[in-house]
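Here's input-v3.txt, which has compact mmCIF, C-alpha atoms:
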# COMPACT_ATOMS: atom_id res chain seq x y z
CA MET A 239 22.10 -24.17 -2.47
CA THR A 240 22.89 -21.18 -0.25
CA ALA A 241 26.21 -20.55 -2.04
CA LYS A 242 24.50 -20.85 -5.43
CA ARG A 243 21.88 -18.27 -4.47
CA SER A 244 24.54 -15.93 -3.10
CA ASP A 245 26.62 -16.14 -6.31
CA LEU A 246 23.56 -15.60 -8.48
CA LYS A 247 22.47 -12.62 -6.39
CA ARG A 248 25.86 -10.94 -6.91
CA GLN A 249 25.68 -11.61 -10.65
CA LEU A 250 22.17 -10.20 -10.98
CA LEU A 251 22.95 -7.08 -8.95
CA GLU A 252 26.04 -6.46 -11.10
CA GLN A 253 23.96 -6.86 -14.26
CA ALA A 254 21.39 -4.45 -12.86
CA ARG A 255 24.07 -1.82 -12.19
CA LYS A 256 25.42 -2.17 -15.72
CA ARG A 257 21.99 -1.96 -17.30
CA THR A 258 21.05 1.18 -15.42
CA THR A 259 24.29 2.98 -16.39
CA PRO A 260 23.60 5.29 -19.37
CA ARG A 261 25.46 4.24 -22.49
CA ALA A 262 27.31 6.90 -24.50
CA THR A 263 26.05 7.56 -28.00
CA THR A 264 28.43 7.00 -30.91
CA ASN A 265 27.25 10.14 -32.72
CA ALA A 266 27.71 13.39 -30.79
CA ALA A 267 24.88 15.03 -32.73
CA SER A 268 22.45 12.38 -31.51
CA SER A 269 22.77 13.68 -27.94
CA SER A 270 20.90 16.83 -28.97
CA PRO A 271 17.07 16.62 -28.50
CA GLY A 272 16.51 18.30 -31.86
CA TYR A 273 18.94 16.49 -34.16
CA ASP A 274 17.80 15.50 -37.66
CA THR A 275 16.80 11.83 -37.61
CA SER A 276 16.81 11.66 -41.42
CA SER A 277 20.61 11.78 -41.47
CA SER A 278 21.32 10.26 -38.02
CA PRO A 279 19.32 7.11 -37.22
CA VAL A 280 17.84 6.97 -33.72
CA PRO A 281 19.51 4.25 -31.63
CA GLU A 282 17.31 1.16 -31.30
CA ARG A 283 17.24 1.42 -27.53
CA PHE A 284 15.05 4.50 -27.93
CA THR A 285 12.56 2.86 -30.32
CA ARG A 286 12.15 -0.70 -28.97
CA PHE A 287 10.11 -1.58 -25.88
CA ASP A 288 12.25 -4.66 -25.28
CA ALA A 289 15.25 -2.31 -24.95
CA HIS A 290 13.55 -0.19 -22.30
CA PRO A 291 15.39 -0.36 -18.93
CA GLY A 292 12.24 -1.56 -17.21
CA TYR A 293 11.79 -4.50 -19.55
CA GLN A 294 15.49 -5.36 -19.34
CA GLN A 295 15.25 -5.42 -15.56
CA LEU A 296 12.21 -7.71 -15.79
CA ALA A 297 14.06 -10.04 -18.17
CA MET A 298 17.01 -10.13 -15.79
CA LEU A 299 14.77 -11.05 -12.83
CA ARG A 300 13.08 -13.80 -14.83
CA GLN A 301 16.45 -15.16 -15.91
CA GLY A 302 17.56 -15.31 -12.30
CA ALA A 303 14.35 -17.06 -11.22
CA GLU A 304 14.74 -19.61 -14.02
CA GLN A 305 18.31 -20.38 -12.97
CA LEU A 306 17.05 -21.02 -9.43
CA GLY A 307 14.21 -23.21 -10.72
CA LEU A 308 11.56 -20.75 -9.50
CA LYS A 309 8.32 -19.55 -11.05
CA ASP A 310 7.40 -15.89 -11.30
CA PRO A 311 5.95 -15.19 -7.81
CA PHE A 312 3.63 -12.48 -9.10
CA PHE A 313 0.22 -12.43 -10.80
CA LYS A 314 -0.90 -15.71 -9.25
CA VAL A 315 -4.46 -16.46 -10.28
CA HIS A 316 -6.89 -16.96 -7.38
CA GLU A 317 -9.91 -18.92 -8.53
CA GLY A 318 -12.46 -17.64 -6.03
CA VAL A 319 -12.74 -15.43 -2.97
CA ALA A 320 -9.30 -14.78 -1.45
CA GLY A 321 -9.23 -14.49 2.32
CA ALA A 322 -7.61 -16.66 4.97
CA THR A 323 -7.74 -19.44 2.40
CA SER A 324 -7.82 -19.43 -1.38
CA VAL A 325 -7.59 -21.69 -4.43
CA ILE A 326 -4.60 -21.33 -6.76
CA GLN A 327 -4.29 -23.60 -9.83
CA GLY A 328 -7.04 -25.80 -8.44
CA GLN A 329 -5.23 -26.31 -5.14
CA PRO A 330 -6.73 -25.04 -1.85
CA CYS A 331 -4.13 -23.19 0.21
CA ILE A 332 -3.64 -21.11 3.32
CA ASN A 333 -3.45 -17.55 2.07
CA PHE A 334 -1.43 -14.67 3.51
CA ALA A 335 -1.58 -12.38 0.47
CA SER A 336 -4.97 -10.70 0.83
CA TYR A 337 -6.10 -7.39 2.33
CA ASN A 338 -9.45 -8.96 3.22
CA TYR A 339 -8.71 -8.23 6.87
CA LEU A 340 -12.20 -8.66 8.31
CA GLY A 341 -13.40 -11.24 5.79
CA TYR A 342 -16.18 -9.09 4.34
CA SER A 343 -15.18 -9.57 0.71
CA GLY A 344 -17.26 -12.58 -0.27
CA ASP A 345 -19.67 -12.24 2.67
CA THR A 346 -23.16 -13.03 1.39
CA ARG A 347 -24.63 -9.84 2.88
CA VAL A 348 -22.01 -7.71 1.14
CA ASN A 349 -22.50 -9.61 -2.12
CA GLN A 350 -26.23 -8.98 -1.89
CA ALA A 351 -25.68 -5.25 -1.43
CA ALA A 352 -23.64 -5.21 -4.65
CA SER A 353 -26.30 -7.23 -6.48
CA ASP A 354 -29.10 -4.93 -5.36
CA ALA A 355 -27.13 -1.84 -6.40
CA VAL A 356 -26.35 -3.10 -9.90
CA ALA A 357 -29.99 -4.08 -10.38
CA ARG A 358 -31.06 -0.54 -9.52
CA TYR A 359 -28.32 1.56 -11.14
CA GLY A 360 -26.75 -0.64 -13.83
CA THR A 361 -23.09 -1.57 -14.21
CA SER A 362 -21.79 1.96 -14.87
CA VAL A 363 -22.92 5.50 -14.07
CA SER A 364 -21.55 6.33 -17.55
CA ALA A 365 -20.19 9.80 -16.82
CA SER A 366 -18.11 11.80 -14.39
CA ARG A 367 -20.09 12.73 -11.34
CA VAL A 368 -19.82 16.47 -11.95
CA VAL A 369 -21.82 16.23 -15.19
CA SER A 370 -24.35 13.40 -15.07
CA GLY A 371 -22.74 10.52 -13.16
CA GLU A 372 -23.96 11.46 -9.69
CA ARG A 373 -26.13 8.87 -7.94
CA PRO A 374 -27.63 8.83 -4.42
CA ILE A 375 -25.37 5.91 -3.49
CA HIS A 376 -22.25 8.07 -3.93
CA ARG A 377 -23.30 10.56 -1.28
CA GLU A 378 -24.52 7.73 0.94
CA LEU A 379 -21.01 6.22 0.87
CA GLU A 380 -19.30 9.55 1.50
CA GLN A 381 -21.60 10.40 4.40
CA ALA A 382 -20.93 6.98 5.96
CA ILE A 383 -17.16 7.54 5.69
CA ALA A 384 -17.45 11.04 7.19
CA LYS A 385 -19.51 9.62 10.05
CA ALA A 386 -16.86 6.97 10.75
CA TYR A 387 -14.25 9.74 11.00
CA GLN A 388 -16.52 12.22 12.80
CA VAL A 389 -15.65 14.94 10.27
CA ASP A 390 -17.69 17.22 7.99
CA ASP A 391 -17.57 15.31 4.72
CA ALA A 392 -15.72 12.90 2.45
CA VAL A 393 -15.18 12.44 -1.27
CA ALA A 394 -14.74 9.05 -2.97
CA PHE A 395 -12.37 8.51 -5.91
CA VAL A 396 -12.47 5.55 -8.29
CA SER A 397 -8.83 4.62 -7.54
CA GLY A 398 -6.91 4.54 -4.27
CA HIS A 399 -3.63 5.38 -6.00
CA ALA A 400 -5.26 8.26 -7.88
CA THR A 401 -6.68 9.61 -4.62
CA ASN A 402 -3.23 10.51 -3.31
CA VAL A 403 -1.90 11.54 -6.72
CA SER A 404 -4.78 13.88 -7.41
CA THR A 405 -5.16 15.29 -3.89
CA LEU A 406 -1.50 16.19 -3.38
CA GLY A 407 -1.08 17.11 -7.04
CA TYR A 408 -3.90 19.65 -6.81
CA LEU A 409 -3.53 21.09 -3.29
CA LEU A 410 0.19 21.90 -3.47
CA GLY A 411 2.26 24.02 -5.85
CA PRO A 412 5.82 25.21 -6.59
CA LYS A 413 5.97 27.46 -3.50
CA ASP A 414 4.97 24.64 -1.18
CA LEU A 415 6.68 21.73 0.60
CA VAL A 416 5.74 18.06 1.00
CA LEU A 417 7.40 16.28 3.93
CA HIS A 418 6.82 12.55 4.07
CA ASP A 419 7.91 9.42 5.86
CA GLU A 420 10.63 7.68 3.86
CA TYR A 421 8.40 4.58 3.58
CA ILE A 422 5.35 6.43 2.25
CA HIS A 423 3.21 4.90 -0.50
CA ASN A 424 4.25 5.46 -4.12
CA SER A 425 0.99 7.31 -4.77
CA SER A 426 2.02 10.09 -2.39
CA LEU A 427 5.42 10.40 -4.06
CA VAL A 428 3.80 10.68 -7.48
CA GLY A 429 1.31 13.24 -6.17
CA ALA A 430 4.11 15.33 -4.71
CA GLN A 431 6.02 15.21 -7.99
CA LEU A 432 2.90 16.21 -9.94
CA SER A 433 2.29 19.19 -7.67
CA GLY A 434 5.67 20.75 -8.44
CA ALA A 435 6.22 21.29 -4.71
CA LYS A 436 9.58 20.74 -3.04
CA ARG A 437 9.70 17.24 -1.53
CA MET A 438 11.73 15.99 1.44
CA SER A 439 11.61 12.68 3.30
CA PHE A 440 12.33 12.08 6.97
CA ALA A 441 13.50 8.91 8.71
CA HIS A 442 10.79 6.31 9.15
CA ASN A 443 8.50 7.00 12.12
CA ASP A 444 10.92 9.62 13.46
CA PRO A 445 9.06 12.75 14.60
CA ASP A 446 12.31 14.27 15.89
CA ALA A 447 13.73 14.15 12.36
CA LEU A 448 10.55 15.81 11.07
CA ASP A 449 10.77 18.47 13.77
CA ALA A 450 14.31 19.29 12.68
CA LEU A 451 13.29 19.63 9.03
CA LEU A 452 10.33 21.84 9.90
CA SER A 453 12.46 24.05 12.13
CA ARG A 454 14.96 24.46 9.30
CA HIS A 455 12.64 24.85 6.31
CA ARG A 456 9.07 25.81 7.29
CA HIS A 457 9.63 29.56 6.88
CA GLN A 458 10.85 29.09 3.29
CA PHE A 459 7.47 27.86 1.97
CA GLU A 460 3.84 28.84 1.88
CA ARG A 461 1.82 25.65 2.38
CA VAL A 462 3.53 22.68 3.99
CA ILE A 463 2.02 19.22 4.32
CA VAL A 464 3.29 16.23 6.31
CA VAL A 465 2.24 12.83 4.95
CA ILE A 466 2.39 9.66 7.04
CA GLU A 467 0.62 6.30 7.06
CA GLY A 468 -1.62 4.78 9.69
CA LEU A 469 -0.18 1.26 9.32
CA TYR A 470 2.87 0.68 7.17
CA SER A 471 2.24 -2.28 4.90
CA MET A 472 5.89 -3.28 4.50
CA ASP A 473 6.73 -3.31 8.21
CA GLY A 474 3.45 -3.54 10.12
CA ASP A 475 4.25 -0.60 12.41
CA ILE A 476 2.39 2.63 13.17
CA PRO A 477 3.34 6.28 13.79
CA ASP A 478 3.15 8.13 17.10
CA LEU A 479 0.15 10.12 15.90
CA PRO A 480 -0.21 12.42 18.95
CA ARG A 481 3.41 13.54 18.52
CA PHE A 482 2.89 14.25 14.81
CA ILE A 483 -0.23 16.26 15.67
CA GLU A 484 1.76 18.30 18.19
CA LEU A 485 4.37 19.09 15.51
CA LYS A 486 1.69 19.94 12.97
CA LYS A 487 0.13 22.48 15.33
CA ARG A 488 3.42 24.01 16.46
CA HIS A 489 4.79 24.47 12.95
CA GLN A 490 1.41 25.39 11.40
CA VAL A 491 1.32 22.77 8.67
CA TRP A 492 -1.23 20.32 7.30
CA LEU A 493 -1.13 16.68 8.43
CA MET A 494 -2.30 13.93 6.10
CA VAL A 495 -2.69 10.33 7.30
CA ASP A 496 -2.94 7.54 4.71
CA GLU A 497 -5.15 4.89 6.31
CA ALA A 498 -5.13 2.42 3.42
CA HIS A 499 -4.18 -0.39 5.82
CA SER A 500 -5.11 0.99 9.25
CA PHE A 501 -8.83 1.57 8.71
CA GLY A 502 -10.60 -1.66 9.63
CA VAL A 503 -7.56 -2.83 11.59
CA MET A 504 -6.60 -0.27 14.26
CA GLY A 505 -8.87 0.55 17.19
CA ASP A 506 -11.38 -1.58 19.07
CA ASN A 507 -13.97 -1.10 16.32
CA GLY A 508 -11.53 -0.85 13.42
CA LEU A 509 -12.13 2.87 12.94
CA GLY A 510 -8.46 3.56 12.47
CA LEU A 511 -5.75 5.56 14.14
CA HIS A 512 -7.99 8.22 15.67
CA GLU A 513 -9.84 5.52 17.60
CA TYR A 514 -6.62 3.69 18.53
CA PHE A 515 -5.06 6.83 20.02
CA ALA A 516 -8.37 8.30 21.24
CA ILE A 517 -7.68 11.65 19.58
CA ASP A 518 -10.04 14.19 18.05
CA PRO A 519 -10.24 13.28 14.32
CA CYS A 520 -10.34 16.99 13.47
CA ASP A 521 -6.74 17.29 14.70
CA VAL A 522 -5.73 15.61 11.42
CA ASP A 523 -6.35 17.81 8.39
CA ILE A 524 -6.65 15.09 5.74
CA TRP A 525 -7.70 11.49 6.30
CA MET A 526 -7.10 9.27 3.30
CA GLY A 527 -8.09 5.64 2.89
CA THR A 528 -9.03 2.96 0.39
CA MET A 529 -12.16 0.90 -0.16
CA SER A 530 -10.26 -2.05 -1.63
CA LYS A 531 -9.15 -3.61 1.65
CA THR A 532 -11.41 -3.95 4.70
CA LEU A 533 -14.23 -2.09 2.96
CA SER A 534 -14.39 -4.76 0.22
CA GLY A 535 -14.95 -2.42 -2.70
CA CYS A 536 -12.50 -0.40 -4.79
CA GLY A 537 -11.29 3.19 -4.88
CA GLY A 538 -10.12 5.71 -2.32
CA TYR A 539 -11.46 8.54 -0.20
CA ILE A 540 -10.48 11.80 1.43
CA ALA A 541 -12.26 12.80 4.64
CA GLY A 542 -11.98 16.13 6.43
CA ASN A 543 -13.59 19.54 6.73
CA LYS A 544 -16.12 20.90 4.26
CA ALA A 545 -13.77 23.35 2.53
CA LEU A 546 -11.21 20.62 1.79
CA VAL A 547 -13.76 18.16 0.44
CA GLU A 548 -15.64 20.72 -1.65
CA THR A 549 -12.38 21.94 -3.18
CA LEU A 550 -11.40 18.42 -4.22
CA ARG A 551 -14.88 17.57 -5.45
CA TYR A 552 -14.90 20.53 -7.84
CA PHE A 553 -11.25 20.79 -8.87
CA ALA A 554 -9.15 17.64 -8.22
CA PRO A 555 -8.47 16.22 -11.72
CA GLY A 556 -8.60 12.58 -10.60
CA PHE A 557 -12.16 13.14 -9.41
CA LEU A 558 -13.41 15.82 -11.78
CA TYR A 559 -12.39 14.05 -14.98
CA SER A 560 -12.95 10.43 -13.93
CA VAL A 561 -16.13 8.46 -14.36
CA GLY A 562 -18.17 8.09 -11.20
CA MET A 563 -17.76 4.97 -9.08
CA PRO A 564 -20.07 2.14 -10.24
CA ALA A 565 -22.91 1.54 -7.80
CA GLN A 566 -22.01 -2.11 -7.26
CA VAL A 567 -18.54 -0.96 -6.11
CA ALA A 568 -19.86 1.68 -3.71
CA ALA A 569 -22.57 -0.50 -2.15
CA PRO A 570 -20.28 -3.15 -0.58
CA SER A 571 -18.31 -0.47 1.27
CA ILE A 572 -21.50 1.07 2.65
CA LYS A 573 -22.62 -2.35 3.85
CA VAL A 574 -19.25 -3.12 5.46
CA LEU A 575 -19.30 0.18 7.37
CA GLU A 576 -22.70 -0.85 8.71
CA LEU A 577 -21.59 -4.39 9.60
CA MET A 578 -18.43 -3.17 11.35
CA GLN A 579 -20.61 -1.35 13.87
CA GLN A 580 -22.61 -4.53 14.51
CA GLU A 581 -19.70 -6.99 14.60
CA PRO A 582 -16.72 -5.57 16.52
CA GLU A 583 -15.76 -9.14 17.41
CA ARG A 584 -14.22 -9.50 13.95
CA VAL A 585 -11.72 -6.77 14.76
CA GLU A 586 -10.99 -8.41 18.11
CA LYS A 587 -10.34 -11.77 16.41
CA LEU A 588 -8.03 -10.08 13.89
CA HIS A 589 -6.04 -8.51 16.72
CA THR A 590 -5.81 -11.83 18.57
CA ILE A 591 -4.65 -13.90 15.61
CA SER A 592 -2.19 -11.18 14.50
CA ARG A 593 -0.56 -11.07 17.94
CA TYR A 594 -0.41 -14.87 17.97
CA PHE A 595 1.40 -14.90 14.62
CA LEU A 596 3.90 -12.29 15.81
CA GLN A 597 4.61 -14.07 19.10
CA GLN A 598 5.00 -17.50 17.51
CA ALA A 599 7.27 -16.17 14.76
CA GLN A 600 9.50 -14.55 17.36
CA LYS A 601 9.57 -17.81 19.36
CA HIS A 602 10.95 -19.47 16.22
CA GLY A 603 13.71 -16.85 16.20
CA MET A 604 12.38 -15.14 13.05
CA ASP A 605 13.06 -11.46 12.36
CA THR A 606 9.71 -9.64 12.40
CA GLY A 607 11.22 -6.17 12.19
CA HIS A 608 9.19 -3.45 13.90
CA SER A 609 5.75 -5.04 13.40
CA ILE A 610 3.31 -4.46 16.24
CA GLY A 611 1.30 -7.54 15.25
CA ALA A 612 -1.72 -5.86 13.69
CA ALA A 613 -2.66 -7.59 10.40
CA VAL A 614 0.78 -7.11 8.81
CA VAL A 615 3.85 -9.08 9.88
CA PRO A 616 7.04 -9.36 7.79
CA ILE A 617 9.55 -12.17 8.13
CA ILE A 618 12.85 -10.58 7.07
CA VAL A 619 15.29 -13.04 5.49
CA GLY A 620 17.85 -10.61 4.04
CA SER A 621 18.11 -12.05 0.52
CA SER A 622 15.87 -11.61 -2.52
CA PRO A 623 16.69 -15.04 -4.01
CA LEU A 624 16.04 -16.68 -0.63
CA ALA A 625 12.72 -14.84 -0.20
CA ALA A 626 11.64 -15.93 -3.69
CA HIS A 627 12.74 -19.52 -3.01
CA LEU A 628 10.83 -19.66 0.28
CA SER A 629 7.66 -18.27 -1.28
CA HIS A 630 7.90 -20.76 -4.15
CA THR A 631 8.53 -23.78 -1.91
CA LEU A 632 5.84 -22.88 0.62
CA LEU A 633 3.25 -22.84 -2.15
CA GLU A 634 4.50 -25.85 -4.10
CA GLN A 635 5.20 -28.18 -1.19
CA TYR A 636 3.02 -26.92 1.66
CA HIS A 637 0.14 -25.14 -0.13
CA ILE A 638 0.83 -21.89 1.73
CA ASN A 639 0.65 -18.65 -0.26
CA VAL A 640 2.75 -15.69 0.86
CA GLN A 641 4.35 -13.04 -1.34
CA PRO A 642 8.06 -12.25 -1.31
CA ILE A 643 9.12 -8.60 -1.20
CA LEU A 644 12.34 -8.25 -3.16
CA HIS A 645 14.95 -5.61 -3.99
CA PRO A 646 14.43 -2.87 -5.18
CA ALA A 647 11.04 -2.66 -3.45
CA VAL A 648 13.05 -2.91 -0.21
CA PRO A 649 16.81 -2.82 0.41
CA GLU A 650 18.41 -6.19 -0.36
CA LYS A 651 19.25 -6.77 3.31
CA SER A 652 15.54 -6.27 4.10
CA ALA A 653 14.12 -8.76 1.56
CA ARG A 654 11.25 -10.55 3.21
CA LEU A 655 8.08 -12.58 3.17
CA ARG A 656 5.11 -10.35 3.97
CA PHE A 657 2.19 -11.93 5.81
CA PHE A 658 -1.25 -10.32 5.79
CA LEU A 659 -3.53 -11.72 8.48
CA SER A 660 -7.30 -12.11 8.37
CA TYR A 661 -9.75 -12.45 11.22
CA ALA A 662 -10.55 -15.88 9.73
CA HIS A 663 -7.04 -17.30 10.12
CA THR A 664 -6.76 -19.93 12.85
CA GLN A 665 -3.98 -20.90 15.21
CA GLU A 666 -3.68 -24.13 13.19
CA HIS A 667 -3.03 -22.05 10.05
CA ILE A 668 -0.32 -20.10 11.87
CA ASP A 669 1.37 -23.12 13.47
CA GLN A 670 1.42 -25.07 10.20
CA THR A 671 2.87 -22.10 8.33
CA LEU A 672 5.58 -21.17 10.80
CA ASP A 673 6.66 -24.79 11.30
CA ALA A 674 7.07 -25.17 7.53
CA LEU A 675 8.92 -21.88 7.22
CA ALA A 676 11.23 -22.73 10.12
CA ALA A 677 12.13 -26.04 8.46
CA LEU A 678 12.92 -24.31 5.15
CA LEU A 679 15.03 -21.65 6.84
CA GLY A 680 16.92 -24.38 8.64
CA GLN A 681 17.64 -26.13 5.34
CA ALA A 682 18.82 -22.85 3.79
CA LYS A 683 21.37 -22.34 6.58
CA SER A 684 22.76 -25.88 6.34
Any chance you could put this one into structure tokens?
Amino acid sequence: MTAKRSDLKRQLLEQARKRTTPRATTNAASSSPGYDTSSSPVPERFTRFDAHPGYQQLAMLRQGAEQLGLKDPFFKVHEGVAGATSVIQGQPCINFASYNYLGYSGDTRVNQAASDAVARYGTSVSASRVVSGERPIHRELEQAIAKAYQVDDAVAFVSGHATNVSTLGYLLGPKDLVLHDEYIHNSSLVGAQLSGAKRMSFAHNDPDALDALLSRHRHQFERVIVVIEGLYSMDGDIPDLPRFIELKKRHQVWLMVDEAHSFGVMGDNGLGLHEYFAIDPCDVDIWMGTMSKTLSGCGGYIAGNKALVETLRYFAPGFLYSVGMPAQVAAPSIKVLELMQQEPERVEKLHTISRYFLQQAQKHGMDTGHSIGAAVVPIIVGSSPLAAHLSHTLLEQYHINVQPILHPAVPEKSARLRFFLSYAHTQEHIDQTLDALAALLGQAKS
């Protein structure tokens, strides 16, 4: 089985290389953007969606999965609330594929907050907030976020991805520079591209590499922003925030921290990286986060000083031209922020079970990369076909749901299973999962 997967992997990678190599046109005139299509037919690959490189790559991946006897590991349908456990195709399972870190999605008190909000405001605010979509609940949410960060204000967007795209896309321009961790979220990359600014990456969690880039390039640009994450969702590690703040001050740049995964996880009360490192939140220029994970809603936010927030509220396209957040989406996040203050034991339980998972995985000899054991722990297996096979078998035979992360999302040698922990996971869940995984890895090596 191992040899078969290895041979198939080589075949699929070779096919991928061939399919991404541009093919020469047979008619020289057709290479010109303005050639007359009435006399020179456009090649089918430019008119058919099934000839698009993206679709061809998808077809190739599905072909490989079929040859290995695997199902598509994506778009699994969960038939209820997904937390530490879930139901997939009628089968209860242990679930490690949810961002419901503190278990508030599905909590009756949070559900009731959503129900009360929809009864009062309806299912849509029916306009962008700048014209007639503003509701009291929007400002209530933003004030609660600003209070959690101890900053002037916050602005809530209807999409987490659009938050980064629109914020970076608006604040920066062609004379500016975006410096980002090489593992930064796609949304920040797209935002940087939209802005027209120069973009450079630095080695993951390496402030010395950033320092070198800033020393070399800072004077060439007007505005410079450094973008890092609070908890990296592929590796489960965190940045040395005080060191990044020191660099930001010395080189006179903005620092933006994406807390999509760290808010609700890091710190004794789950308030994120500023609480974990006990730093002044105002030392970070832009705090970004999402409502779709711990906060049990949907959308994203930017928190910071008044000038930043007011600028985005009036001019950021992803806010200005988008419909306002539905009340029943805002209300759960407000309620969770309230409950987090009352129930810090949930964060403590999340920390305890996360550390237990990390320690037990390492005792089994599994490669957990650089994870610190805070809600996100990868098990690196070094092969996309093997990761897909393990995910498939864990669900089919053991009723354990964990997603594989495959090339090109990560380098092939870093293909992995990615485990998201919830405060509601138990030691029994962890032991059962790691024993099953260890047995499958043993079979793969034999």
Report as CSV: every residue of stretch 530-627 of chain A with an atom at most 7 Å from stretch 358-370 of chain A, its closest pair of atoms, and their distance in Å to one decimal, counting all atoms listed in the file, with rows sorted by chain and ascending residue number.
residue,atom,partner,partner_atom,distance
A:Leu558,CA,A:Val368,CA,6.4
A:Tyr559,CA,A:Ser366,CA,6.2
A:Ser560,CA,A:Ser366,CA,5.4
A:Val561,CA,A:Ser366,CA,3.9
A:Gly562,CA,A:Ser366,CA,4.9
A:Pro564,CA,A:Ser362,CA,4.9
A:Ala565,CA,A:Tyr359,CA,6.4
Who sits within 6 Å of stretch 420-428 of chain A, only C-alpha atoms, same chain under 3 positions skipped, as a PyMOL selection string:
chain A and resi 399+402-403+431+439-442
Of the candidates A:Leu533, A:Met604, A:Ala297, A:Leu678, which shows the shortest atom-to-atom distance to A:Gln635, using only C-alpha atoms?
A:Leu678
Students should find that atom CA of A:Thr549 and atom CA of A:Leu415 are spaced 19.4 Å
Can I get the residues of stretch 478-575 of chain A within 12 Å of stretch 332-336 of chain A, each with the closest pair of atoms and their distance in Å to one decimal, using all atoms listed in the file, sorted chain first then ascending number, as CSV?
residue,atom,partner,partner_atom,distance
A:His499,CA,A:Ser336,CA,11.5
A:Ser530,CA,A:Ser336,CA,10.4
A:Lys531,CA,A:Ser336,CA,8.3
A:Thr532,CA,A:Ser336,CA,10.1
A:Ser534,CA,A:Ser336,CA,11.2
Filled-in N, CA, C and O atoms of stretch 509-521 of chain A, supplied as a JSON list (two decimals), in the coordinates of the input:
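Output file selection03.json follows:
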[["chain", "number", "residue", "atom", "x", "y", "z"],
["A", 509, "LEU", "N", -11.92, 1.55, 13.53],
["A", 509, "LEU", "CA", -12.13, 2.87, 12.94],
["A", 509, "LEU", "C", -10.84, 3.62, 12.65],
["A", 509, "LEU", "O", -10.86, 4.77, 12.23],
["A", 510, "GLY", "N", -9.72, 2.98, 12.89],
["A", 510, "GLY", "CA", -8.46, 3.56, 12.47],
["A", 510, "GLY", "C", -7.68, 4.21, 13.60],
["A", 510, "GLY", "O", -7.94, 4.00, 14.79],
["A", 511, "LEU", "N", -6.71, 5.02, 13.18],
["A", 511, "LEU", "CA", -5.75, 5.56, 14.14],
["A", 511, "LEU", "C", -6.37, 6.54, 15.13],
["A", 511, "LEU", "O", -5.92, 6.63, 16.27],
["A", 512, "HIS", "N", -7.39, 7.28, 14.72],
["A", 512, "HIS", "CA", -7.99, 8.22, 15.67],
["A", 512, "HIS", "C", -8.65, 7.48, 16.81],
["A", 512, "HIS", "O", -8.61, 7.92, 17.97],
["A", 513, "GLU", "N", -9.24, 6.32, 16.53],
["A", 513, "GLU", "CA", -9.84, 5.52, 17.60],
["A", 513, "GLU", "C", -8.75, 4.87, 18.46],
["A", 513, "GLU", "O", -8.84, 4.84, 19.69],
["A", 514, "TYR", "N", -7.70, 4.37, 17.81],
["A", 514, "TYR", "CA", -6.62, 3.69, 18.53],
["A", 514, "TYR", "C", -5.96, 4.63, 19.54],
["A", 514, "TYR", "O", -5.68, 4.24, 20.68],
["A", 515, "PHE", "N", -5.73, 5.88, 19.15],
["A", 515, "PHE", "CA", -5.06, 6.83, 20.02],
["A", 515, "PHE", "C", -6.04, 7.69, 20.81],
["A", 515, "PHE", "O", -5.62, 8.53, 21.63],
["A", 516, "ALA", "N", -7.34, 7.52, 20.56],
["A", 516, "ALA", "CA", -8.37, 8.30, 21.24],
["A", 516, "ALA", "C", -8.12, 9.80, 21.09],
["A", 516, "ALA", "O", -8.13, 10.56, 22.06],
["A", 517, "ILE", "N", -7.90, 10.23, 19.84],
["A", 517, "ILE", "CA", -7.68, 11.65, 19.58],
["A", 517, "ILE", "C", -8.88, 12.22, 18.83],
["A", 517, "ILE", "O", -9.69, 11.48, 18.26],
["A", 518, "ASP", "N", -9.00, 13.51, 18.81],
["A", 518, "ASP", "CA", -10.04, 14.19, 18.05],
["A", 518, "ASP", "C", -9.70, 14.07, 16.56],
["A", 518, "ASP", "O", -8.63, 14.55, 16.14],
["A", 519, "PRO", "N", -10.56, 13.44, 15.75],
["A", 519, "PRO", "CA", -10.24, 13.28, 14.32],
["A", 519, "PRO", "C", -9.97, 14.60, 13.61],
["A", 519, "PRO", "O", -9.25, 14.63, 12.61],
["A", 520, "CYS", "N", -10.54, 15.68, 14.11],
["A", 520, "CYS", "CA", -10.34, 16.99, 13.47],
["A", 520, "CYS", "C", -8.93, 17.52, 13.67],
["A", 520, "CYS", "O", -8.55, 18.53, 13.04],
["A", 521, "ASP", "N", -8.14, 16.88, 14.52],
["A", 521, "ASP", "CA", -6.74, 17.29, 14.70],
["A", 521, "ASP", "C", -5.87, 16.86, 13.52],
["A", 521, "ASP", "O", -4.72, 17.30, 13.41]]
